[in-house]
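Shown here: entry16.cif, mmCIF, C-alpha atoms and all ligand atoms.
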data_coords
loop_
_atom_site.label_atom_id
_atom_site.label_comp_id
_atom_site.auth_asym_id
_atom_site.auth_seq_id
_atom_site.Cartn_x
_atom_site.Cartn_y
_atom_site.Cartn_z
CA MET A 295 34.63 -72.61 241.73
CA ALA A 296 35.77 -71.28 238.37
CA ALA A 297 34.08 -72.69 235.24
CA SER A 298 35.88 -75.49 233.39
CA PRO A 299 38.45 -74.24 230.88
CA THR A 300 37.36 -74.11 227.24
CA ARG A 301 39.17 -74.22 223.92
CA ASP A 302 38.76 -70.42 223.73
CA ASP A 303 41.01 -70.14 226.78
CA PHE A 304 43.80 -71.52 224.63
CA ASP A 305 43.66 -68.48 222.38
CA HIS A 306 43.39 -66.16 225.39
CA TYR A 307 46.14 -67.54 227.58
CA MET A 308 48.56 -69.59 225.47
CA THR A 309 51.25 -68.45 223.05
CA PRO A 310 49.96 -69.02 219.52
CA ASN A 311 52.56 -71.60 218.45
CA TYR A 312 49.99 -74.43 218.40
CA SER A 313 46.50 -74.72 217.02
CA PRO A 314 44.92 -77.63 218.89
CA GLN A 315 41.74 -79.37 217.77
CA LYS A 316 38.47 -78.28 219.39
CA ALA A 317 37.79 -81.16 221.79
CA ILE A 318 39.52 -81.23 225.20
CA PRO A 319 40.08 -84.81 226.39
CA VAL A 320 39.74 -85.19 230.14
CA ARG A 321 40.14 -88.93 230.66
CA GLY A 322 41.74 -91.90 228.94
CA GLU A 323 41.82 -95.63 229.32
CA GLY A 324 43.73 -97.94 226.98
CA SER A 325 43.18 -96.61 223.46
CA ARG A 326 39.99 -94.67 224.21
CA LEU A 327 39.64 -91.06 225.36
CA TRP A 328 36.68 -88.99 226.57
CA ASP A 329 36.27 -85.23 226.21
CA GLN A 330 34.60 -82.68 228.51
CA ALA A 331 31.17 -83.48 227.05
CA GLY A 332 31.65 -87.22 227.59
CA LYS A 333 32.12 -87.93 223.87
CA GLU A 334 34.36 -90.96 223.29
CA TYR A 335 37.28 -91.23 220.85
CA VAL A 336 39.49 -94.02 219.54
CA ASP A 337 43.12 -92.92 219.92
CA PHE A 338 45.37 -93.60 216.90
CA ALA A 339 47.57 -90.61 217.83
CA GLY A 340 48.97 -91.99 221.07
CA GLY A 341 50.14 -88.55 222.19
CA ILE A 342 52.32 -88.44 219.03
CA ALA A 343 53.95 -91.86 219.40
CA VAL A 344 54.35 -91.40 223.16
CA ASN A 345 51.60 -93.38 224.93
CA ALA A 346 53.01 -96.74 223.83
CA LEU A 347 50.96 -98.60 226.44
CA GLY A 348 47.82 -96.53 225.99
CA HIS A 349 46.34 -94.35 228.70
CA CYS A 350 46.62 -95.21 232.39
CA HIS A 351 48.28 -98.61 231.91
CA PRO A 352 48.29 -100.25 235.39
CA ALA A 353 52.05 -100.98 235.30
CA LEU A 354 52.83 -97.31 234.62
CA VAL A 355 50.28 -95.96 237.11
CA ASN A 356 51.74 -98.31 239.71
CA ALA A 357 55.35 -97.32 238.96
CA LEU A 358 54.50 -93.62 239.10
CA THR A 359 52.42 -93.70 242.29
CA THR A 360 54.82 -96.03 244.09
CA GLN A 361 57.76 -93.76 243.29
CA ALA A 362 55.66 -90.66 244.11
CA ASN A 363 55.48 -91.90 247.68
CA LYS A 364 59.26 -92.42 247.92
CA VAL A 365 61.31 -89.59 246.40
CA TRP A 366 60.53 -87.23 243.50
CA HIS A 367 63.77 -85.51 242.70
CA LEU A 368 67.39 -85.45 243.78
CA SER A 369 69.34 -83.64 240.98
CA ASN A 370 72.58 -85.15 239.75
CA VAL A 371 74.52 -84.24 242.86
CA TYR A 372 72.99 -87.53 244.08
CA THR A 373 71.79 -90.49 242.06
CA SER A 374 68.68 -92.63 242.48
CA GLU A 375 67.71 -96.29 242.27
CA PRO A 376 65.28 -95.85 239.33
CA THR A 377 67.95 -93.93 237.37
CA LEU A 378 70.47 -96.72 237.79
CA GLU A 379 67.94 -99.48 237.13
CA LEU A 380 66.75 -97.88 233.89
CA ALA A 381 70.35 -97.30 232.73
CA ARG A 382 71.23 -100.93 233.45
CA GLU A 383 68.19 -102.26 231.56
CA LEU A 384 68.86 -100.05 228.52
CA VAL A 385 72.52 -101.09 228.42
CA GLU A 386 71.73 -104.77 228.83
CA ARG A 387 69.07 -104.73 226.09
CA THR A 388 71.00 -102.72 223.45
CA PHE A 389 74.42 -102.12 221.83
CA ALA A 390 75.17 -99.46 224.42
CA ASP A 391 77.64 -99.41 227.31
CA LYS A 392 76.48 -96.12 228.85
CA ALA A 393 73.28 -94.09 229.21
CA TYR A 394 72.59 -90.37 229.77
CA PHE A 395 69.15 -89.09 230.77
CA CYS A 396 67.26 -85.86 230.12
CA SER A 397 63.59 -84.90 229.73
CA SER A 398 62.82 -84.84 226.00
CA GLY A 399 63.86 -86.01 222.56
CA GLY A 400 65.25 -82.62 221.60
CA GLU A 401 67.48 -82.61 224.68
CA ALA A 402 68.63 -86.15 223.94
CA ASN A 403 69.68 -85.05 220.46
CA GLU A 404 71.29 -81.89 221.81
CA ALA A 405 73.39 -84.14 224.06
CA ALA A 406 74.18 -86.49 221.16
CA PHE A 407 75.33 -83.71 218.83
CA LYS A 408 77.39 -82.06 221.56
CA LEU A 409 78.96 -85.40 222.45
CA ALA A 410 79.83 -86.09 218.79
CA ARG A 411 81.52 -82.70 218.48
CA ARG A 412 83.32 -83.10 221.79
CA TRP A 413 84.51 -86.64 220.97
CA ALA A 414 85.93 -85.46 217.65
CA TYR A 415 87.54 -82.45 219.36
CA ASP A 416 89.14 -84.65 222.02
CA ASN A 417 90.46 -87.19 219.54
CA PHE A 418 91.17 -85.22 216.34
CA GLY A 419 91.04 -81.49 217.13
CA GLU A 420 88.48 -78.77 216.49
CA LYS A 421 88.52 -78.93 212.67
CA LYS A 422 86.62 -82.22 212.78
CA HIS A 423 83.22 -80.72 213.58
CA LYS A 424 81.07 -81.18 210.47
CA ILE A 425 77.68 -82.81 211.00
CA ILE A 426 75.85 -84.46 208.09
CA SER A 427 72.10 -84.90 208.42
CA PHE A 428 69.20 -85.25 206.00
CA LYS A 429 66.57 -83.22 204.24
CA GLN A 430 63.14 -83.66 205.85
CA ALA A 431 64.76 -84.91 209.07
CA PHE A 432 63.33 -83.84 212.42
CA HIS A 433 65.49 -83.83 215.55
CA GLY A 434 63.76 -81.40 217.96
CA ARG A 435 63.17 -77.68 218.50
CA THR A 436 66.28 -76.35 220.22
CA LEU A 437 68.36 -74.09 218.00
CA PHE A 438 71.02 -76.80 217.46
CA THR A 439 68.46 -79.53 216.76
CA VAL A 440 66.35 -77.46 214.33
CA SER A 441 69.59 -76.59 212.55
CA VAL A 442 70.58 -80.24 212.22
CA GLY A 443 66.98 -81.03 211.21
CA GLY A 444 66.24 -80.88 207.51
CA GLN A 445 63.13 -78.69 207.44
CA PRO A 446 64.25 -75.05 206.94
CA LYS A 447 60.84 -73.70 208.06
CA TYR A 448 61.72 -74.66 211.66
CA SER A 449 64.90 -72.56 211.80
CA GLU A 450 63.73 -69.68 209.59
CA GLY A 451 63.95 -66.35 211.38
CA PHE A 452 65.92 -67.70 214.34
CA GLY A 453 69.38 -67.06 212.95
CA PRO A 454 72.26 -66.88 213.20
CA ILE A 455 72.08 -70.66 213.50
CA PRO A 456 75.00 -72.92 214.47
CA GLY A 457 77.38 -73.63 211.58
CA GLY A 458 79.15 -76.75 210.36
CA ILE A 459 75.96 -78.60 209.41
CA VAL A 460 75.17 -79.94 205.91
CA HIS A 461 72.16 -81.84 204.61
CA ALA A 462 72.21 -84.84 202.27
CA ASP A 463 69.29 -86.64 200.61
CA PHE A 464 67.67 -89.38 202.68
CA ASN A 465 68.10 -92.89 201.23
CA ASP A 466 70.69 -91.56 198.77
CA LEU A 467 74.13 -92.83 199.76
CA GLU A 468 75.88 -91.03 196.92
CA SER A 469 74.70 -87.67 198.28
CA VAL A 470 76.40 -88.54 201.58
CA ARG A 471 79.55 -89.76 199.87
CA ALA A 472 79.74 -86.36 198.13
CA LEU A 473 79.69 -84.49 201.46
CA ILE A 474 81.56 -86.69 203.93
CA ASP A 475 85.25 -86.09 204.59
CA ASP A 476 87.78 -86.36 207.40
CA GLU A 477 86.38 -83.18 209.00
CA THR A 478 83.01 -84.89 209.49
CA CYS A 479 82.37 -85.77 213.15
CA ALA A 480 78.93 -87.34 212.78
CA VAL A 481 76.22 -88.55 210.44
CA VAL A 482 72.80 -88.18 212.07
CA VAL A 483 69.82 -90.15 210.80
CA GLU A 484 66.35 -91.32 211.78
CA PRO A 485 66.09 -95.01 210.75
CA ILE A 486 62.46 -94.15 209.97
CA GLN A 487 61.91 -90.48 209.20
CA GLY A 488 58.86 -89.66 211.32
CA GLU A 489 57.75 -86.04 211.07
CA GLY A 490 59.22 -85.90 207.57
CA GLY A 491 56.57 -88.31 206.25
CA VAL A 492 57.06 -91.79 207.80
CA THR A 493 59.80 -93.00 205.45
CA PRO A 494 61.90 -96.01 206.47
CA ALA A 495 65.58 -96.02 205.52
CA THR A 496 66.62 -98.78 203.15
CA GLN A 497 68.93 -101.56 204.30
CA ALA A 498 71.61 -100.54 201.77
CA PHE A 499 71.46 -96.91 202.94
CA ILE A 500 71.92 -97.71 206.63
CA GLN A 501 74.72 -100.20 205.90
CA GLY A 502 76.38 -97.71 203.59
CA LEU A 503 76.24 -94.95 206.22
CA ARG A 504 77.99 -97.25 208.70
CA ALA A 505 80.74 -98.00 206.17
CA LEU A 506 81.22 -94.30 205.25
CA CYS A 507 81.39 -93.32 208.93
CA ASP A 508 84.01 -95.99 209.61
CA GLU A 509 86.04 -94.91 206.59
CA HIS A 510 86.14 -91.28 207.81
CA GLN A 511 86.23 -91.91 211.56
CA ALA A 512 82.88 -90.21 212.02
CA LEU A 513 80.22 -91.26 214.52
CA LEU A 514 76.92 -92.71 213.33
CA VAL A 515 74.04 -91.25 215.35
CA PHE A 516 70.58 -92.82 215.17
CA ASP A 517 67.71 -90.60 216.28
CA GLU A 518 65.25 -93.21 217.53
CA VAL A 519 63.13 -90.75 219.50
CA GLN A 520 60.08 -91.78 217.44
CA SER A 521 61.10 -95.21 216.11
CA GLY A 522 62.38 -96.58 219.42
CA VAL A 523 61.00 -98.60 222.33
CA GLY A 524 58.98 -101.14 220.38
CA ARG A 525 57.39 -98.77 217.87
CA SER A 526 59.01 -100.56 214.89
CA GLY A 527 58.26 -104.07 216.15
CA LYS A 528 61.71 -104.47 217.68
CA LEU A 529 63.00 -102.67 220.77
CA TYR A 530 64.93 -100.25 218.56
CA ALA A 531 64.67 -99.93 214.78
CA TYR A 532 68.45 -100.42 214.35
CA MET A 533 67.85 -104.05 215.31
CA HIS A 534 65.97 -104.58 212.03
CA TYR A 535 69.01 -103.45 210.06
CA GLY A 536 71.70 -105.30 211.98
CA VAL A 537 73.71 -102.05 211.97
CA THR A 538 74.92 -100.58 215.24
CA PRO A 539 75.20 -96.83 215.79
CA ASP A 540 77.77 -95.11 218.03
CA ILE A 541 75.10 -92.96 219.65
CA LEU A 542 71.33 -93.52 219.84
CA THR A 543 68.72 -91.14 221.17
CA THR A 544 65.43 -92.27 222.69
CA ALA A 545 62.43 -90.49 224.24
CA LYS A 546 58.69 -90.45 223.39
CA ALA A 547 57.55 -94.08 224.07
CA LEU A 548 60.28 -94.54 226.70
CA GLY A 549 58.18 -92.62 229.22
CA GLY A 550 54.82 -93.89 227.99
CA GLY A 551 53.51 -90.35 228.59
CA PHE A 552 55.89 -89.15 231.30
CA PRO A 553 58.61 -86.76 230.04
CA ILE A 554 61.96 -88.51 229.66
CA GLY A 555 64.74 -88.64 227.09
CA GLY A 556 67.89 -90.69 226.90
CA MET A 557 71.11 -90.97 224.97
CA LEU A 558 72.91 -94.29 224.64
CA THR A 559 76.52 -94.69 223.59
CA THR A 560 79.59 -96.90 223.77
CA ASP A 561 82.66 -96.97 226.00
CA ARG A 562 84.68 -95.66 223.04
CA VAL A 563 82.69 -92.42 222.90
CA ALA A 564 81.29 -91.89 226.41
CA PRO A 565 84.54 -90.62 228.03
CA SER A 566 84.18 -87.33 226.12
CA LEU A 567 81.14 -86.56 228.25
CA ALA A 568 83.45 -86.11 231.24
CA VAL A 569 82.41 -84.52 234.53
CA GLY A 570 81.12 -81.00 233.92
CA THR A 571 80.88 -81.18 230.11
CA HIS A 572 77.09 -81.52 229.96
CA GLY A 573 74.07 -81.97 232.22
CA SER A 574 70.40 -81.41 232.99
CA THR A 575 68.68 -80.62 236.29
CA TYR A 576 65.84 -83.05 235.65
CA GLY A 577 67.97 -85.69 233.89
CA GLY A 578 67.57 -89.04 235.62
CA ASN A 579 64.58 -87.81 237.63
CA PRO A 580 63.35 -90.73 239.78
CA LEU A 581 59.68 -90.41 238.77
CA ALA A 582 60.58 -90.33 235.07
CA CYS A 583 63.01 -93.24 235.36
CA ALA A 584 60.62 -95.37 237.42
CA VAL A 585 57.96 -94.95 234.73
CA GLY A 586 60.56 -95.48 231.99
CA LEU A 587 61.70 -98.71 233.59
CA ALA A 588 58.11 -100.00 233.75
CA ALA A 589 57.46 -98.96 230.13
CA LEU A 590 60.68 -100.53 228.83
CA THR A 591 60.28 -103.85 230.64
CA THR A 592 56.58 -104.11 229.73
CA ILE A 593 57.18 -103.35 226.05
CA ASP A 594 60.40 -105.33 225.47
CA THR A 595 58.75 -108.75 225.56
CA PRO A 596 58.13 -111.17 222.67
CA GLU A 597 54.35 -110.91 223.17
CA VAL A 598 54.20 -107.11 222.85
CA LEU A 599 56.70 -106.92 219.98
CA GLU A 600 55.02 -109.74 218.03
CA GLY A 601 51.70 -108.00 218.65
CA VAL A 602 53.07 -104.84 217.03
CA LYS A 603 53.80 -106.76 213.81
CA ARG A 604 50.33 -108.34 213.80
CA ARG A 605 48.68 -104.96 214.33
CA HIS A 606 50.79 -103.45 211.53
CA GLU A 607 49.30 -105.97 209.10
CA LEU A 608 45.80 -105.28 210.36
CA PHE A 609 46.17 -101.50 209.89
CA ARG A 610 47.64 -102.03 206.43
CA GLU A 611 44.72 -104.26 205.36
CA HIS A 612 42.20 -101.67 206.58
CA PHE A 613 44.02 -98.84 204.79
CA GLU A 614 44.05 -100.85 201.59
CA VAL A 615 40.34 -101.64 201.82
CA ILE A 616 39.54 -97.93 202.31
CA ASN A 617 41.83 -97.03 199.44
CA ARG A 618 40.28 -99.53 197.02
CA LYS A 619 36.94 -97.79 197.59
CA HIS A 620 38.05 -94.16 197.69
CA GLY A 621 41.49 -93.89 196.04
CA VAL A 622 42.71 -91.20 198.44
CA PHE A 623 46.16 -92.69 199.12
CA LYS A 624 49.19 -93.12 196.92
CA GLU A 625 51.22 -95.33 199.25
CA ILE A 626 50.90 -96.99 202.67
CA ARG A 627 54.30 -97.27 204.36
CA GLY A 628 56.12 -97.45 207.68
CA MET A 629 57.19 -100.08 210.16
CA GLY A 630 55.39 -101.62 213.12
CA LEU A 631 52.94 -99.13 214.59
CA LEU A 632 54.38 -96.10 212.85
CA ILE A 633 52.38 -96.07 209.63
CA GLY A 634 52.01 -93.33 207.06
CA ALA A 635 49.45 -93.07 204.28
CA GLU A 636 50.60 -90.66 201.60
CA MET A 637 47.75 -88.79 199.92
CA SER A 638 47.10 -89.42 196.23
CA ASP A 639 47.62 -86.61 193.71
CA ALA A 640 43.93 -85.66 193.75
CA TYR A 641 44.19 -85.01 197.52
CA HIS A 642 47.72 -83.63 197.56
CA GLY A 643 48.40 -81.55 200.69
CA LYS A 644 45.02 -82.43 202.21
CA ALA A 645 46.09 -84.82 204.99
CA ARG A 646 45.39 -82.25 207.70
CA ASP A 647 41.82 -81.74 206.47
CA ILE A 648 41.10 -85.26 207.71
CA LEU A 649 41.87 -84.41 211.37
CA PRO A 650 38.72 -82.39 212.23
CA LEU A 651 36.55 -84.77 210.17
CA ALA A 652 37.99 -87.74 212.08
CA LEU A 653 37.51 -85.98 215.41
CA GLU A 654 33.86 -85.45 214.53
CA GLN A 655 33.57 -89.22 213.94
CA GLY A 656 35.30 -89.98 217.25
CA LEU A 657 38.85 -90.65 216.08
CA MET A 658 42.15 -89.02 217.00
CA ILE A 659 44.80 -89.41 214.32
CA LEU A 660 47.95 -87.59 213.15
CA VAL A 661 49.63 -86.17 210.09
CA ALA A 662 53.32 -86.18 209.18
CA GLY A 663 53.69 -83.08 207.06
CA PRO A 664 50.93 -81.81 204.76
CA ASN A 665 50.70 -84.92 202.62
CA VAL A 666 50.85 -87.95 204.93
CA LEU A 667 48.22 -89.24 207.34
CA ARG A 668 49.99 -90.95 210.27
CA VAL A 669 48.96 -93.47 212.91
CA ALA A 670 51.15 -94.04 215.98
CA PRO A 671 48.81 -95.72 218.47
CA SER A 672 49.42 -97.71 221.63
CA LEU A 673 51.54 -100.78 220.90
CA ILE A 674 48.88 -102.87 222.67
CA ILE A 675 45.80 -101.26 221.11
CA PRO A 676 43.02 -103.87 221.15
CA GLU A 677 42.22 -105.22 217.69
CA ALA A 678 38.57 -104.22 218.23
CA ASP A 679 39.73 -100.61 218.64
CA ILE A 680 41.66 -100.83 215.37
CA GLN A 681 38.47 -102.06 213.62
CA GLU A 682 36.36 -99.33 215.19
CA GLY A 683 38.90 -96.57 214.56
CA MET A 684 39.34 -97.56 210.92
CA ALA A 685 35.55 -97.63 210.46
CA ARG A 686 35.44 -94.08 211.83
CA LEU A 687 38.35 -93.10 209.57
CA GLU A 688 36.43 -94.39 206.57
CA LEU A 689 33.45 -92.17 207.48
CA ALA A 690 35.81 -89.18 207.74
CA ILE A 691 37.33 -90.02 204.36
CA GLU A 692 33.87 -90.32 202.78
CA GLN A 693 33.29 -86.75 203.95
CA LEU A 694 36.64 -85.61 202.55
CA VAL A 695 35.71 -87.16 199.21
CA ALA A 696 32.25 -85.56 199.34
CA GLN A 697 33.78 -82.13 200.11
CA ALA A 698 36.13 -82.43 197.15
CA SER A 699 33.47 -83.35 194.59
C1 LIG A 701 59.61 -85.97 218.49
C2 LIG A 701 60.97 -86.10 217.94
C3 LIG A 701 62.05 -85.35 218.45
C4 LIG A 701 61.87 -84.26 219.48
O1 LIG A 701 61.44 -84.75 220.71
P1 LIG A 701 60.87 -83.71 221.81
O2 LIG A 701 60.55 -84.59 222.97
O3 LIG A 701 59.69 -83.03 221.19
O4 LIG A 701 61.96 -82.75 222.10
C5 LIG A 701 63.31 -85.61 217.96
N1 LIG A 701 63.51 -86.53 217.01
C6 LIG A 701 62.51 -87.27 216.48
C7 LIG A 701 62.80 -88.29 215.44
C8 LIG A 701 61.20 -87.06 216.92
O5 LIG A 701 60.20 -87.76 216.38
#

What does this structure look like when you write it as structure tokens?
Amino acid sequence: MAASPTRDDFDHYMTPNYSPQKAIPVRGEGSRLWDQAGKEYVDFAGGIAVNALGHCHPALVNALTTQANKVWHLSNVYTSEPTLELARELVERTFADKAYFCSSGGEANEAAFKLARRWAYDNFGEKKHKIISFKQAFHGRTLFTVSVGGQPKYSEGFGPIPGGIVHADFNDLESVRALIDDETCAVVVEPIQGEGGVTPATQAFIQGLRALCDEHQALLVFDEVQSGVGRSGKLYAYMHYGVTPDILTTAKALGGGFPIGGMLTTDRVAPSLAVGTHGSTYGGNPLACAVGLAALTTIDTPEVLEGVKRRHELFREHFEVINRKHGVFKEIRGMGLLIGAEMSDAYHGKARDILPLALEQGLMILVAGPNVLRVAPSLIIPEADIQEGMARLELAIEQLVAQAS
């Protein structure tokens, strides 16, 4: 038998577009993980806001293994029961009338942006194609989605990039008003900017975007790939704002760790995605949809969503206690279990330095850009794991402070 793979194998066999941490987790349960050496970790990373029910949740394991013994894949020449059940649940629980499935957040956004363009083309002609999005936004890694995204480093060197895309300032309605016109087909926004630094949109901004879109007959697209499926403390973050989009994209937590993406829309817009206009081989895959259905119905309950709000407060208190002692953070922000801690000026740009220190202490945690430490754990992380993880974080931060002095 060949020896177990090591971290060095990554550098030997994988393209160099990632630089993973040293430990290789081999097993997880709830919000704890164990690596090859048996060392245990508290998981505040949640597979980057994906494992919303922790690792190996019985409802998800059961959904996956039950479906694995029935049928794995059919393509879209045929449909499946899990596909239709998940679509029905999403429609019944949201603003949407129709659902489209794919395998990732980037693909969901690709579908959303194509649908917005096609809807405008069908109803107003090809001049109405302008997309307005926001600086610091993140919408995925396909060429269209990095172009709509507001972080130039992700599209640099991949040109020529698709045209007709302009970027306004997040939470600045006037900057949108200056760009929007009757040739705008869509305004695309994350209700909480995730990768860009965990920044929630203000109520006035979201309401104002809806009004501007209505005024110019443009579609409002919410990218809820990170903020959706309970992460914010409601099923979708738009529900906090009382503002309904025309298109919403969802992925990450929807599969609880199994790859799935979805796009939700209304009967006004959906007809432009007519037969043959768009598709995906894996879209609506029965395994993915069976797991998605279990994740959605387990998460969208008052107990789980109320628990998210309680855990938010607990995290915030811990962060503030650490900060009173060490002064490493400028601001703690976010919604539900998507929380960002922006580094103080003395530690500017040093968020990533915390990751290996935390790993050493037995904690997996995330950053959102160079200056924000991010937690996006399981929505049902036990409160004892929050205590333990934050104690380990404090030890890591003591080391960061010691290194700096
Ligand atoms: C993660 C993310 C995406 C991309 O999702 P993938 O599954 O990596 O393609 C898109 N939008 C937002 C807001 C995200 O957080």

**Report entry** Near-ligand residues for ligand LIG 701 (chain A), threshold 7 Å, all atoms listed in the file, as a list in words
**Finding:** Ser398, Gly399, Gly400, Glu401, Asn403, Phe432, His433, Gly434, Arg435, Glu484, Gln487, Gly488, Glu489, Asp517, Glu518, Val519, Gln520, Ala545 and Lys546 of chain A

Requested in this report: Write out as a list in words the residues lying within 12 Å of Ala339 (chain A), counting all atoms listed in the file and excluding same-chain residues fewer than 6 positions away.
Outcome: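 The residues that qualify are Ser325, Arg326, Leu327, Asn345, Ala346, Gly348, His349, Leu631, Leu632, Ile633, Gly634, Leu649, Ala652, Leu653, Leu657, Met658, Ile659, Leu660, Val661, Ala662, Leu667, Arg668, Val669, Ala670, Pro671, Ser672, Leu673, Ile675 and Gly683 of chain A.
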
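If you look at CA of Ser427 (chain A) and CA of Ile626 (chain A), they are 25.1 Å away from each other.
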
Requested in this report: Check the smallest atom-to-atom distance from each of A:Gly524, A:Gly419, A:Gly332, A:Gly457 to Val598 (chain A) using all atoms listed in the file, then report the winner.
Outcome: A:Gly524

8 Å contact set for Gly556 (chain A), all atoms listed in the file, chain neighbours under 6 positions out, as a PDB file with C-alpha atoms, keeping the file's coordinate frame:
ATOM      1  CA  ALA A 393      73.280 -94.090 229.210  1.00  0.00           C
ATOM      2  CA  TYR A 394      72.590 -90.370 229.770  1.00  0.00           C
ATOM      3  CA  PHE A 395      69.150 -89.090 230.770  1.00  0.00           C
ATOM      4  CA  CYS A 396      67.260 -85.860 230.120  1.00  0.00           C
ATOM      5  CA  SER A 397      63.590 -84.900 229.730  1.00  0.00           C
ATOM      6  CA  SER A 398      62.820 -84.840 226.000  1.00  0.00           C
ATOM      7  CA  GLY A 399      63.860 -86.010 222.560  1.00  0.00           C
ATOM      8  CA  ALA A 402      68.630 -86.150 223.940  1.00  0.00           C
ATOM      9  CA  THR A 543      68.720 -91.140 221.170  1.00  0.00           C
ATOM     10  CA  THR A 544      65.430 -92.270 222.690  1.00  0.00           C
ATOM     11  CA  ALA A 545      62.430 -90.490 224.240  1.00  0.00           C
TER      12      ALA A 545
END

**Report entry** CA of Ile616 (chain A) to CA of Glu688 (chain A), distance in Å rounded to a single decimal
**Finding:**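 A separation of 6.4 Å between them.
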
Draw an axis-aligned box tight on the listed atoms of region 468-485 of chain A, then pad every side by 6 Å and write out centre and edge lengths in Å to one decimal as JSON.
{"center_x": 76.9, "center_y": -89.1, "center_z": 205.0, "size_x": 33.7, "size_y": 23.8, "size_z": 28.2}
